[in-house]
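J.: Sharing structure32.cif, mmCIF, C-alpha atoms:
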```cif
data_query
loop_
_atom_site.label_atom_id
_atom_site.label_comp_id
_atom_site.auth_asym_id
_atom_site.auth_seq_id
_atom_site.Cartn_x
_atom_site.Cartn_y
_atom_site.Cartn_z
CA MET A 1 0.00 0.00 0.00
CA ASN A 2 1.14 3.48 -0.79
CA HIS A 3 0.94 5.40 2.48
CA THR A 4 1.03 8.76 0.75
CA ARG A 5 -1.98 7.87 -1.44
CA ILE A 6 -3.89 6.59 1.60
CA ALA A 7 -3.10 9.80 3.46
CA ALA A 8 -4.15 11.90 0.46
CA GLU A 9 -7.53 10.20 0.16
CA ALA A 10 -8.11 10.41 3.91
CA ILE A 11 -7.31 14.14 3.82
CA ARG A 12 -9.54 14.60 0.73
CA PHE A 13 -12.37 12.86 2.59
CA ARG A 14 -11.85 14.97 5.72
CA ILE A 15 -11.88 18.19 3.75
CA SER A 16 -15.14 17.11 2.16
CA THR A 17 -16.72 16.98 5.62
CA ILE A 18 -15.87 20.61 6.36
CA ARG A 19 -18.33 23.23 5.29
CA ARG A 20 -17.36 25.49 2.43
CA PRO A 21 -16.09 28.24 2.20
CA LEU A 22 -13.85 27.45 5.16
CA VAL A 23 -11.84 24.98 3.11
CA SER A 24 -12.19 23.00 -0.07
CA SER A 25 -10.06 20.57 -2.01
CA GLU A 26 -9.56 23.30 -4.61
CA THR A 27 -7.81 25.58 -2.10
CA VAL A 28 -5.65 22.96 -0.40
CA ASP A 29 -2.76 21.04 -1.94
CA ILE A 30 -3.86 17.61 -0.77
CA ASP A 31 -0.93 15.78 -2.31
CA ALA A 32 1.57 18.08 -0.61
CA MET A 33 -0.22 17.61 2.71
CA ALA A 34 -0.10 13.84 2.30
CA VAL A 35 3.60 13.88 1.47
CA ALA A 36 4.29 16.12 4.48
CA ALA A 37 2.32 13.85 6.82
CA VAL A 38 4.02 10.66 5.65
CA THR A 39 7.58 11.92 5.29
CA ALA A 40 7.55 13.39 8.78
CA ALA A 41 7.67 9.75 9.95
CA SER A 42 5.54 10.49 12.99
CA PRO A 43 4.57 7.37 14.96
CA GLU A 44 1.10 8.89 15.46
CA VAL A 45 0.56 9.31 11.71
CA ASP A 46 1.90 5.81 11.02
CA SER A 47 -0.49 4.39 13.61
CA ALA A 48 -3.43 6.37 12.21
CA LEU A 49 -2.73 5.05 8.72
CA ARG A 50 -2.68 1.48 10.05
CA VAL A 51 -5.96 1.98 11.91
CA ILE A 52 -7.62 3.41 8.80
CA ALA A 53 -6.35 0.60 6.57
CA THR A 54 -7.43 -2.04 9.08
CA ALA A 55 -10.90 -0.51 9.43
CA TRP A 56 -11.20 -0.36 5.65
CA GLN A 57 -10.38 -4.05 5.31
CA ARG A 58 -12.68 -5.08 8.18
CA ALA A 59 -15.52 -3.18 6.50
CA GLY A 60 -15.01 -5.39 3.47
CA PHE A 61 -14.07 -2.61 1.06
CA ASP A 62 -11.82 -3.37 -1.91
CA SER A 63 -8.26 -2.60 -0.85
CA ASP A 64 -7.55 -0.71 -4.09
CA GLY A 65 -10.32 1.76 -3.23
CA LEU A 66 -8.37 3.03 -0.24
CA THR A 67 -6.04 4.93 -2.55
CA LYS A 68 -8.80 6.42 -4.73
CA PRO A 69 -11.48 8.99 -3.88
CA TRP A 70 -13.82 7.33 -1.42
CA THR A 71 -17.33 6.48 -2.62
CA GLY A 72 -20.55 7.30 -0.80
CA GLU A 73 -20.68 3.99 1.07
CA GLN A 74 -17.06 4.28 2.13
CA ALA A 75 -17.44 7.91 3.17
CA GLU A 76 -20.58 7.12 5.16
CA TYR A 77 -18.76 4.30 6.94
CA PHE A 78 -16.06 6.70 8.12
CA LYS A 79 -18.50 9.52 8.92
CA SER A 80 -20.41 7.21 11.24
CA ARG A 81 -17.30 6.34 13.24
CA PRO A 82 -15.88 9.27 15.20
CA GLU A 83 -12.81 7.26 16.21
CA LEU A 84 -11.87 6.97 12.52
CA ILE A 85 -12.44 10.68 11.97
CA ASP A 86 -10.05 11.24 14.88
CA MET A 87 -7.43 9.08 13.12
CA ILE A 88 -7.80 11.14 9.94
CA ASP A 89 -7.41 14.29 12.01
CA VAL A 90 -4.11 12.88 13.31
CA ILE A 91 -2.92 12.71 9.69
CA VAL A 92 -4.08 16.27 9.02
CA ARG A 93 -2.33 17.52 12.17
CA GLY A 94 0.79 15.61 11.17
CA ALA A 95 0.80 17.37 7.81
CA ALA A 96 0.18 20.76 9.39
CA GLY A 97 2.91 20.24 11.99
CA SER A 98 5.40 19.04 9.41
CA THR A 99 4.66 21.98 7.12
CA ALA A 100 4.90 24.48 9.99
CA ALA A 101 8.26 23.07 11.08
CA ALA A 102 9.74 23.34 7.57
#
```
Go through the file and emit its structure as structure tokens.
T.:
Amino acid sequence: MNHTRIAAEAIRFRISTIRRPLVSSETVDIDAMAVAAVTAASPEVDSALRVIATAWQRAGFDSDGLTKPWTGEQAEYFKSRPELIDMIDVIVRGAAGSTAAA
């Protein structure tokens, strides 16, 4: 699995849950955020990625879909589980912290 692609799709999903005009995927460089989160090599981000991938597999979703924009069923699965939203927020914070430190 490509951790950067997983992080990018998780970030894309999270941004989609935030009301416009506060943020949108058109105003945020999602790929750069994903790279920043993964290359920082934070144990918290690594753990969050593992939790997300494990939850994805346990839900029975196709593993290839994890690295593509999430469909309605997949998005609803994550939206209904606050603990998974928290894991995605760890990735977002990891990207923000890495970018701020640079």
J.: Would you list the residues near (-4.6, 3.6, 8.3), meaning any protein, DNA or RNA residue with an atom at most 9 Å from that point in file coordinates, counting all atoms listed in the file, as a ChimeraX atom specification?
T.: /A:3,6-7,10,45-56,87-88
J.: Restrict the selected residues to C-alpha atoms and save them as a CSV table (one decimal), in the frame of the given file.
T.:
```
chain,number,residue,atom,x,y,z
A,3,HIS,CA,0.9,5.4,2.5
A,6,ILE,CA,-3.9,6.6,1.6
A,7,ALA,CA,-3.1,9.8,3.5
A,10,ALA,CA,-8.1,10.4,3.9
A,45,VAL,CA,0.6,9.3,11.7
A,46,ASP,CA,1.9,5.8,11.0
A,47,SER,CA,-0.5,4.4,13.6
A,48,ALA,CA,-3.4,6.4,12.2
A,49,LEU,CA,-2.7,5.0,8.7
A,50,ARG,CA,-2.7,1.5,10.0
A,51,VAL,CA,-6.0,2.0,11.9
A,52,ILE,CA,-7.6,3.4,8.8
A,53,ALA,CA,-6.4,0.6,6.6
A,54,THR,CA,-7.4,-2.0,9.1
A,55,ALA,CA,-10.9,-0.5,9.4
A,56,TRP,CA,-11.2,-0.4,5.6
A,87,MET,CA,-7.4,9.1,13.1
A,88,ILE,CA,-7.8,11.1,9.9
```
J.: What would the selection look like, as JSON, numbers by chain, if the PyMOL selection byres ((chain A and resi 59) around 12) were run on the coordinates I just shared?
T.: {"A": [52, 53, 54, 55, 56, 57, 58, 60, 61, 62, 63, 66, 73, 74, 75, 76, 77, 78, 81]}
J.: Output C-alpha atoms for every residue in the selection just made, as a short mmCIF file (atom, residue, chain, number, x, y, z; two decimals), in the coordinates of the input.
T.:
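Output file out_17.cif is given in full below:
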```cif
data_model
loop_
_atom_site.label_atom_id
_atom_site.label_comp_id
_atom_site.auth_asym_id
_atom_site.auth_seq_id
_atom_site.Cartn_x
_atom_site.Cartn_y
_atom_site.Cartn_z
CA ILE A 52 -7.62 3.41 8.80
CA ALA A 53 -6.35 0.60 6.57
CA THR A 54 -7.43 -2.04 9.08
CA ALA A 55 -10.90 -0.51 9.43
CA TRP A 56 -11.20 -0.36 5.65
CA GLN A 57 -10.38 -4.05 5.31
CA ARG A 58 -12.68 -5.08 8.18
CA GLY A 60 -15.01 -5.39 3.47
CA PHE A 61 -14.07 -2.61 1.06
CA ASP A 62 -11.82 -3.37 -1.91
CA SER A 63 -8.26 -2.60 -0.85
CA LEU A 66 -8.37 3.03 -0.24
CA GLU A 73 -20.68 3.99 1.07
CA GLN A 74 -17.06 4.28 2.13
CA ALA A 75 -17.44 7.91 3.17
CA GLU A 76 -20.58 7.12 5.16
CA TYR A 77 -18.76 4.30 6.94
CA PHE A 78 -16.06 6.70 8.12
CA ARG A 81 -17.30 6.34 13.24
#
```
J.: Work out how far apart CA of Val92 (chain A) and CA of Ile11 (chain A) are and give it in Å to one decimal.
T.: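 That distance, rounded to one decimal, is 6.5 Å.
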J.: Using all atoms listed in the file, which residue out of A:Glu44, A:Ala96, A:Thr17, A:Ala8 lies closest to Asp31 (chain A)?
T.: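 Using all atoms listed in the file, the shortest distance to Asp31 (chain A) belongs to A:Ala8.
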J.: Selected by the PyMOL selection byres ((chain A and resi 36) around 10) in the shown coordinates: which residues, as a list in words?
T.: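 Written out, the selection comes to Thr4, Ala7, Ile30, Asp31, Ala32, Met33, Ala34, Val35, Ala37, Val38, Thr39, Ala40, Ala41, Ile91, Val92, Gly94, Ala95, Ala96, Gly97, Ser98, Thr99 and Ala102 of chain A.
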J.: So how many Å separate CA of Thr71 (chain A) and CA of Pro43 (chain A), to one decimal?
T.: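 Separation of CA of Thr71 (chain A) and CA of Pro43 (chain A): 28.1 Å.
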J.: One decimal, in Å: what's the spacing between CA of Arg5 (chain A) and CA of Pro82 (chain A)?
T.: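 We find that CA of Arg5 (chain A) and CA of Pro82 (chain A) lie 21.7 Å from each other.
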J.: With all atoms listed in the file as the atoms that count, which of A:Ser42, A:Asn2, A:Thr67, A:Glu9 lies nearest to Val90 (chain A)?
T.: A:Ser42
